[in-house]
Amino acid sequence: MTVTDDRDALLAAIDLADMFEAKGFPKARNGMYPCPNPNHAQTGATPPVNIDGHVWHCHNPTCDASGTAIDLLAYTDRLDVAEAFAELSRRAGTPTSNGSSSRVTDVYPYTDEHGEPLFEVVRLDPKGFRQRHTVNGALV
Ligand SMILES: [Zn+2]
């Protein structure tokens, strides 16, 4: 796969809204999110960020930050884009075609604001990632 394929597959596997929540930017009642840009002047006013698919955008005209999950992580973890991509690739990604023969090497749980498990991303060896969900207490 090319880097572009990797990137698209990675972004497709990530729920951007969940990632905002996980990073401490909970959804407001109006459906918007706080801005992850540390240089954004937080005024306590209405959260300025909307999420459209795999892209987010801050509507504050003095900020105008936008991007994907990669850019979000770059902001929140103070990484450059390449580092953020590598970090996200470790956490989430694309299903493997031969998952049954793969070995789980890492599990990344995602929870909602109440700490309830939403899903887990499992890292597989050889290379690959898979999401699994909890249904009635059982991972599927
Ligand atoms: Zn902003």
# chains A, B, ... in the order shown; residues from 1 in each chain; ligands from 1
call {"tool": "closest_atom_pairs", "arguments": {"of": "chain A", "to": "ligand 1", "cutoff": "10 Å", "atoms": "only C-alpha atoms and all ligand atoms", "output": "Markdown table"}}
result
| residue | atom | partner | partner_atom_place_in_ligand_line | distance |
| --- | --- | --- | --- | --- |
| A:Tyr33 | CA | ligand 1 | 1 (Zn) | 9.9 |
| A:Pro34 | CA | ligand 1 | 1 (Zn) | 7.7 |
| A:Cys35 | CA | ligand 1 | 1 (Zn) | 4.5 |
| A:Pro36 | CA | ligand 1 | 1 (Zn) | 6.7 |
| A:Asn37 | CA | ligand 1 | 1 (Zn) | 5.5 |
| A:Pro38 | CA | ligand 1 | 1 (Zn) | 8.2 |
| A:Asn39 | CA | ligand 1 | 1 (Zn) | 7.6 |
| A:His40 | CA | ligand 1 | 1 (Zn) | 4.7 |
| A:Ala41 | CA | ligand 1 | 1 (Zn) | 7.4 |
| A:Gln42 | CA | ligand 1 | 1 (Zn) | 8.1 |
| A:Pro47 | CA | ligand 1 | 1 (Zn) | 8.8 |
| A:Pro48 | CA | ligand 1 | 1 (Zn) | 6.6 |
| A:Val49 | CA | ligand 1 | 1 (Zn) | 7.0 |
| A:His57 | CA | ligand 1 | 1 (Zn) | 7.9 |
| A:Cys58 | CA | ligand 1 | 1 (Zn) | 4.6 |
| A:His59 | CA | ligand 1 | 1 (Zn) | 6.8 |
| A:Asn60 | CA | ligand 1 | 1 (Zn) | 5.6 |
| A:Pro61 | CA | ligand 1 | 1 (Zn) | 8.1 |
| A:Thr62 | CA | ligand 1 | 1 (Zn) | 7.6 |
| A:Cys63 | CA | ligand 1 | 1 (Zn) | 4.5 |
| A:Asp64 | CA | ligand 1 | 1 (Zn) | 5.7 |
| A:Ala65 | CA | ligand 1 | 1 (Zn) | 5.3 |
| A:Ser66 | CA | ligand 1 | 1 (Zn) | 8.0 |
call {"tool": "residues_around", "arguments": {"residues": "Ala74 in chain A", "least_positions_apart": "2", "cutoff": "12 Å", "atoms": "only C-alpha atoms", "output": "list of chain:residue names"}}
result
A:Lys23, A:Pro36, A:Asn37, A:Pro38, A:Ala65, A:Ser66, A:Gly67, A:Thr68, A:Ala69, A:Ile70, A:Asp71, A:Leu72, A:Thr76, A:Asp77, A:Arg78, A:Leu79, A:Asp80, A:Val81, A:Ala82, A:Glu83, A:Ala84, A:Phe85, A:Ala86, A:Glu87, A:Leu88
call {"tool": "write_last_selection", "arguments": {"atoms": "C-alpha atoms", "output": "PDB file, in the first residue's frame"}}
result
ATOM      1  CA  LYS A  23      -9.231  13.702  23.998  1.00  0.00           C
ATOM      2  CA  PRO A  36      -8.244  21.405  20.070  1.00  0.00           C
ATOM      3  CA  ASN A  37      -5.865  24.111  18.862  1.00  0.00           C
ATOM      4  CA  PRO A  38      -3.881  25.206  21.953  1.00  0.00           C
ATOM      5  CA  ALA A  65      -7.924  25.396  12.506  1.00  0.00           C
ATOM      6  CA  SER A  66      -9.075  22.318  10.666  1.00  0.00           C
ATOM      7  CA  GLY A  67      -7.961  18.863   9.744  1.00  0.00           C
ATOM      8  CA  THR A  68      -8.392  15.185  10.313  1.00  0.00           C
ATOM      9  CA  ALA A  69      -7.828  12.907  13.290  1.00  0.00           C
ATOM     10  CA  ILE A  70      -4.119  13.208  12.490  1.00  0.00           C
ATOM     11  CA  ASP A  71      -4.216  16.983  12.948  1.00  0.00           C
ATOM     12  CA  LEU A  72      -6.315  16.625  16.076  1.00  0.00           C
ATOM     13  CA  THR A  76      -3.498  17.590  21.541  1.00  0.00           C
ATOM     14  CA  ASP A  77      -0.260  15.629  21.878  1.00  0.00           C
ATOM     15  CA  ARG A  78       2.016  18.360  20.469  1.00  0.00           C
ATOM     16  CA  LEU A  79       3.239  16.124  17.658  1.00  0.00           C
ATOM     17  CA  ASP A  80       4.098  16.969  14.106  1.00  0.00           C
ATOM     18  CA  VAL A  81       1.849  15.477  11.462  1.00  0.00           C
ATOM     19  CA  ALA A  82       4.197  12.585  10.675  1.00  0.00           C
ATOM     20  CA  GLU A  83       4.468  11.664  14.354  1.00  0.00           C
ATOM     21  CA  ALA A  84       0.721  11.937  14.787  1.00  0.00           C
ATOM     22  CA  PHE A  85       0.162   9.675  11.797  1.00  0.00           C
ATOM     23  CA  ALA A  86       2.554   7.098  13.223  1.00  0.00           C
ATOM     24  CA  GLU A  87       0.876   7.285  16.609  1.00  0.00           C
ATOM     25  CA  LEU A  88      -2.597   6.879  15.142  1.00  0.00           C
TER      26      LEU A  88
END
call {"tool": "select_by_dssp", "arguments": {"residues": "chain A", "states": "strand (DSSP E)", "output": "VMD selection string"}}
result
chain A and resid 49 to 52 55 to 58 66 to 67 103 to 111 117 to 125 128 to 135 138 to 139
call {"tool": "write_last_selection", "arguments": {"atoms": "N, CA and C atoms", "output": "compact mmCIF listing (two decimals), in the first residue's frame"}}
result
# COMPACT_ATOMS: atom_id res chain seq x y z
N VAL A 49 -16.18 24.05 16.89
CA VAL A 49 -15.71 23.06 15.93
C VAL A 49 -16.85 22.16 15.48
N ASN A 50 -17.01 22.03 14.18
CA ASN A 50 -17.94 21.02 13.68
C ASN A 50 -17.16 19.88 13.04
N ILE A 51 -17.78 18.72 13.03
CA ILE A 51 -17.17 17.53 12.46
C ILE A 51 -18.01 17.10 11.27
N ASP A 52 -17.35 16.91 10.15
CA ASP A 52 -18.03 16.47 8.95
C ASP A 52 -17.29 15.25 8.43
N VAL A 55 -13.32 14.98 8.79
CA VAL A 55 -12.68 16.29 8.84
C VAL A 55 -13.38 17.15 9.87
N TRP A 56 -12.59 17.91 10.62
CA TRP A 56 -13.17 18.88 11.56
C TRP A 56 -12.70 20.27 11.17
N HIS A 57 -13.47 21.27 11.61
CA HIS A 57 -13.14 22.64 11.24
C HIS A 57 -13.58 23.58 12.35
N CYS A 58 -12.64 24.45 12.81
CA CYS A 58 -12.96 25.47 13.80
C CYS A 58 -13.48 26.70 13.07
N SER A 66 -8.28 23.40 11.23
CA SER A 66 -9.07 22.32 10.67
C SER A 66 -8.17 21.14 10.39
N GLY A 67 -8.78 20.01 10.09
CA GLY A 67 -7.96 18.86 9.74
C GLY A 67 -8.69 17.56 9.98
N ARG A 103 -1.95 -12.35 15.50
CA ARG A 103 -1.80 -12.35 16.95
C ARG A 103 -2.10 -10.95 17.46
N VAL A 104 -2.91 -10.85 18.50
CA VAL A 104 -3.23 -9.55 19.08
C VAL A 104 -2.04 -9.10 19.92
N THR A 105 -1.51 -7.91 19.60
CA THR A 105 -0.35 -7.42 20.32
C THR A 105 -0.68 -6.24 21.23
N ASP A 106 -1.77 -5.53 20.94
CA ASP A 106 -2.18 -4.40 21.77
C ASP A 106 -3.67 -4.25 21.68
N VAL A 107 -4.26 -3.74 22.74
CA VAL A 107 -5.69 -3.43 22.74
C VAL A 107 -5.85 -2.00 23.20
N TYR A 108 -6.61 -1.22 22.44
CA TYR A 108 -6.83 0.19 22.76
C TYR A 108 -8.31 0.39 23.03
N PRO A 109 -8.70 0.45 24.28
CA PRO A 109 -10.13 0.62 24.58
C PRO A 109 -10.58 2.07 24.42
N TYR A 110 -11.79 2.24 23.93
CA TYR A 110 -12.41 3.56 23.83
C TYR A 110 -13.66 3.54 24.68
N THR A 111 -13.83 4.54 25.50
CA THR A 111 -14.98 4.59 26.38
C THR A 111 -15.75 5.88 26.15
N PRO A 117 -17.39 1.12 28.11
CA PRO A 117 -16.66 0.78 26.88
C PRO A 117 -17.52 0.91 25.64
N LEU A 118 -16.98 1.61 24.64
CA LEU A 118 -17.67 1.75 23.37
C LEU A 118 -17.19 0.69 22.40
N PHE A 119 -15.88 0.63 22.24
CA PHE A 119 -15.28 -0.39 21.39
C PHE A 119 -13.80 -0.45 21.68
N GLU A 120 -13.17 -1.45 21.18
CA GLU A 120 -11.73 -1.57 21.32
C GLU A 120 -11.12 -1.70 19.94
N VAL A 121 -9.95 -1.11 19.80
CA VAL A 121 -9.17 -1.35 18.60
C VAL A 121 -8.04 -2.29 18.99
N VAL A 122 -7.94 -3.40 18.30
CA VAL A 122 -6.89 -4.36 18.61
C VAL A 122 -5.83 -4.29 17.52
N ARG A 123 -4.60 -4.29 17.96
CA ARG A 123 -3.48 -4.31 17.03
C ARG A 123 -3.05 -5.75 16.84
N LEU A 124 -2.84 -6.09 15.59
CA LEU A 124 -2.54 -7.47 15.26
C LEU A 124 -1.14 -7.57 14.68
N ASP A 125 -0.54 -8.71 14.92
CA ASP A 125 0.75 -9.01 14.33
C ASP A 125 0.60 -10.27 13.51
N GLY A 128 -1.75 -4.99 11.23
CA GLY A 128 -3.16 -4.82 10.99
C GLY A 128 -3.87 -4.35 12.23
N PHE A 129 -5.07 -3.91 12.04
CA PHE A 129 -5.87 -3.41 13.16
C PHE A 129 -7.31 -3.84 12.95
N ARG A 130 -8.03 -3.97 14.03
CA ARG A 130 -9.42 -4.37 13.93
C ARG A 130 -10.16 -3.74 15.10
N GLN A 131 -11.39 -3.32 14.84
CA GLN A 131 -12.24 -2.84 15.94
C GLN A 131 -13.08 -3.99 16.44
N ARG A 132 -13.35 -3.99 17.74
CA ARG A 132 -14.31 -4.94 18.26
C ARG A 132 -15.21 -4.21 19.25
N HIS A 133 -16.44 -4.62 19.28
CA HIS A 133 -17.44 -3.94 20.09
C HIS A 133 -17.90 -4.85 21.22
N THR A 134 -18.38 -4.19 22.26
CA THR A 134 -18.93 -4.95 23.37
C THR A 134 -20.44 -5.03 23.21
N VAL A 135 -20.96 -6.25 23.18
CA VAL A 135 -22.39 -6.47 23.09
C VAL A 135 -22.80 -7.36 24.26
N ALA A 138 -19.97 -8.92 26.09
CA ALA A 138 -19.05 -9.80 25.38
C ALA A 138 -18.42 -9.06 24.20
N LEU A 139 -17.17 -9.26 24.00
CA LEU A 139 -16.50 -8.66 22.85
C LEU A 139 -16.84 -9.45 21.60
call {"tool": "select_by_dssp", "arguments": {"residues": "range 3-122 of chain A", "states": "helix (DSSP H, G or I)", "output": "PyMOL selection string"}}
result
chain A and resi 3-13+16-22+69-76+81-91+99-101
call {"tool": "write_last_selection", "arguments": {"atoms": "C-alpha atoms", "output": "PDB file, in the first residue's frame"}}
result
ATOM      1  CA  VAL A   3       1.239   6.102   2.232  1.00  0.00           C
ATOM      2  CA  THR A   4      -1.900   7.755   0.872  1.00  0.00           C
ATOM      3  CA  ASP A   5      -3.797   4.466   1.012  1.00  0.00           C
ATOM      4  CA  ASP A   6      -2.581   3.917   4.548  1.00  0.00           C
ATOM      5  CA  ARG A   7      -3.664   7.390   5.551  1.00  0.00           C
ATOM      6  CA  ASP A   8      -7.108   7.102   3.996  1.00  0.00           C
ATOM      7  CA  ALA A   9      -7.655   3.666   5.484  1.00  0.00           C
ATOM      8  CA  LEU A  10      -6.497   4.870   8.860  1.00  0.00           C
ATOM      9  CA  LEU A  11      -8.820   7.883   8.830  1.00  0.00           C
ATOM     10  CA  ALA A  12     -11.696   5.736   7.630  1.00  0.00           C
ATOM     11  CA  ALA A  13     -11.226   3.459  10.623  1.00  0.00           C
ATOM     12  CA  LEU A  16     -13.474  11.426  14.719  1.00  0.00           C
ATOM     13  CA  ALA A  17     -16.292  12.324  17.114  1.00  0.00           C
ATOM     14  CA  ASP A  18     -15.221   9.555  19.481  1.00  0.00           C
ATOM     15  CA  MET A  19     -11.675  10.800  19.295  1.00  0.00           C
ATOM     16  CA  PHE A  20     -12.689  14.347  20.221  1.00  0.00           C
ATOM     17  CA  GLU A  21     -14.522  12.911  23.230  1.00  0.00           C
ATOM     18  CA  ALA A  22     -11.571  10.713  24.164  1.00  0.00           C
ATOM     19  CA  ALA A  69      -7.828  12.907  13.290  1.00  0.00           C
ATOM     20  CA  ILE A  70      -4.119  13.208  12.490  1.00  0.00           C
ATOM     21  CA  ASP A  71      -4.216  16.983  12.948  1.00  0.00           C
ATOM     22  CA  LEU A  72      -6.315  16.625  16.076  1.00  0.00           C
ATOM     23  CA  LEU A  73      -3.706  14.361  17.636  1.00  0.00           C
ATOM     24  CA  ALA A  74      -0.936  16.679  16.464  1.00  0.00           C
ATOM     25  CA  TYR A  75      -2.600  19.494  18.394  1.00  0.00           C
ATOM     26  CA  THR A  76      -3.498  17.590  21.541  1.00  0.00           C
ATOM     27  CA  VAL A  81       1.849  15.477  11.462  1.00  0.00           C
ATOM     28  CA  ALA A  82       4.197  12.585  10.675  1.00  0.00           C
ATOM     29  CA  GLU A  83       4.468  11.664  14.354  1.00  0.00           C
ATOM     30  CA  ALA A  84       0.721  11.937  14.787  1.00  0.00           C
ATOM     31  CA  PHE A  85       0.162   9.675  11.797  1.00  0.00           C
ATOM     32  CA  ALA A  86       2.554   7.098  13.223  1.00  0.00           C
ATOM     33  CA  GLU A  87       0.876   7.285  16.609  1.00  0.00           C
ATOM     34  CA  LEU A  88      -2.597   6.879  15.142  1.00  0.00           C
ATOM     35  CA  SER A  89      -1.386   4.006  13.016  1.00  0.00           C
ATOM     36  CA  ARG A  90      -0.353   2.273  16.196  1.00  0.00           C
ATOM     37  CA  ARG A  91      -3.767   2.795  17.740  1.00  0.00           C
ATOM     38  CA  GLY A  99      -7.154 -11.679  10.880  1.00  0.00           C
ATOM     39  CA  SER A 100      -7.749 -15.203  12.122  1.00  0.00           C
ATOM     40  CA  SER A 101      -4.076 -16.049  11.836  1.00  0.00           C
TER      41      SER A 101
END
call {"tool": "atom_distance", "arguments": {"atom1": "CA of Ile14 in chain A", "atom2": "CA of His54 in chain A"}}
result
7.9 Å
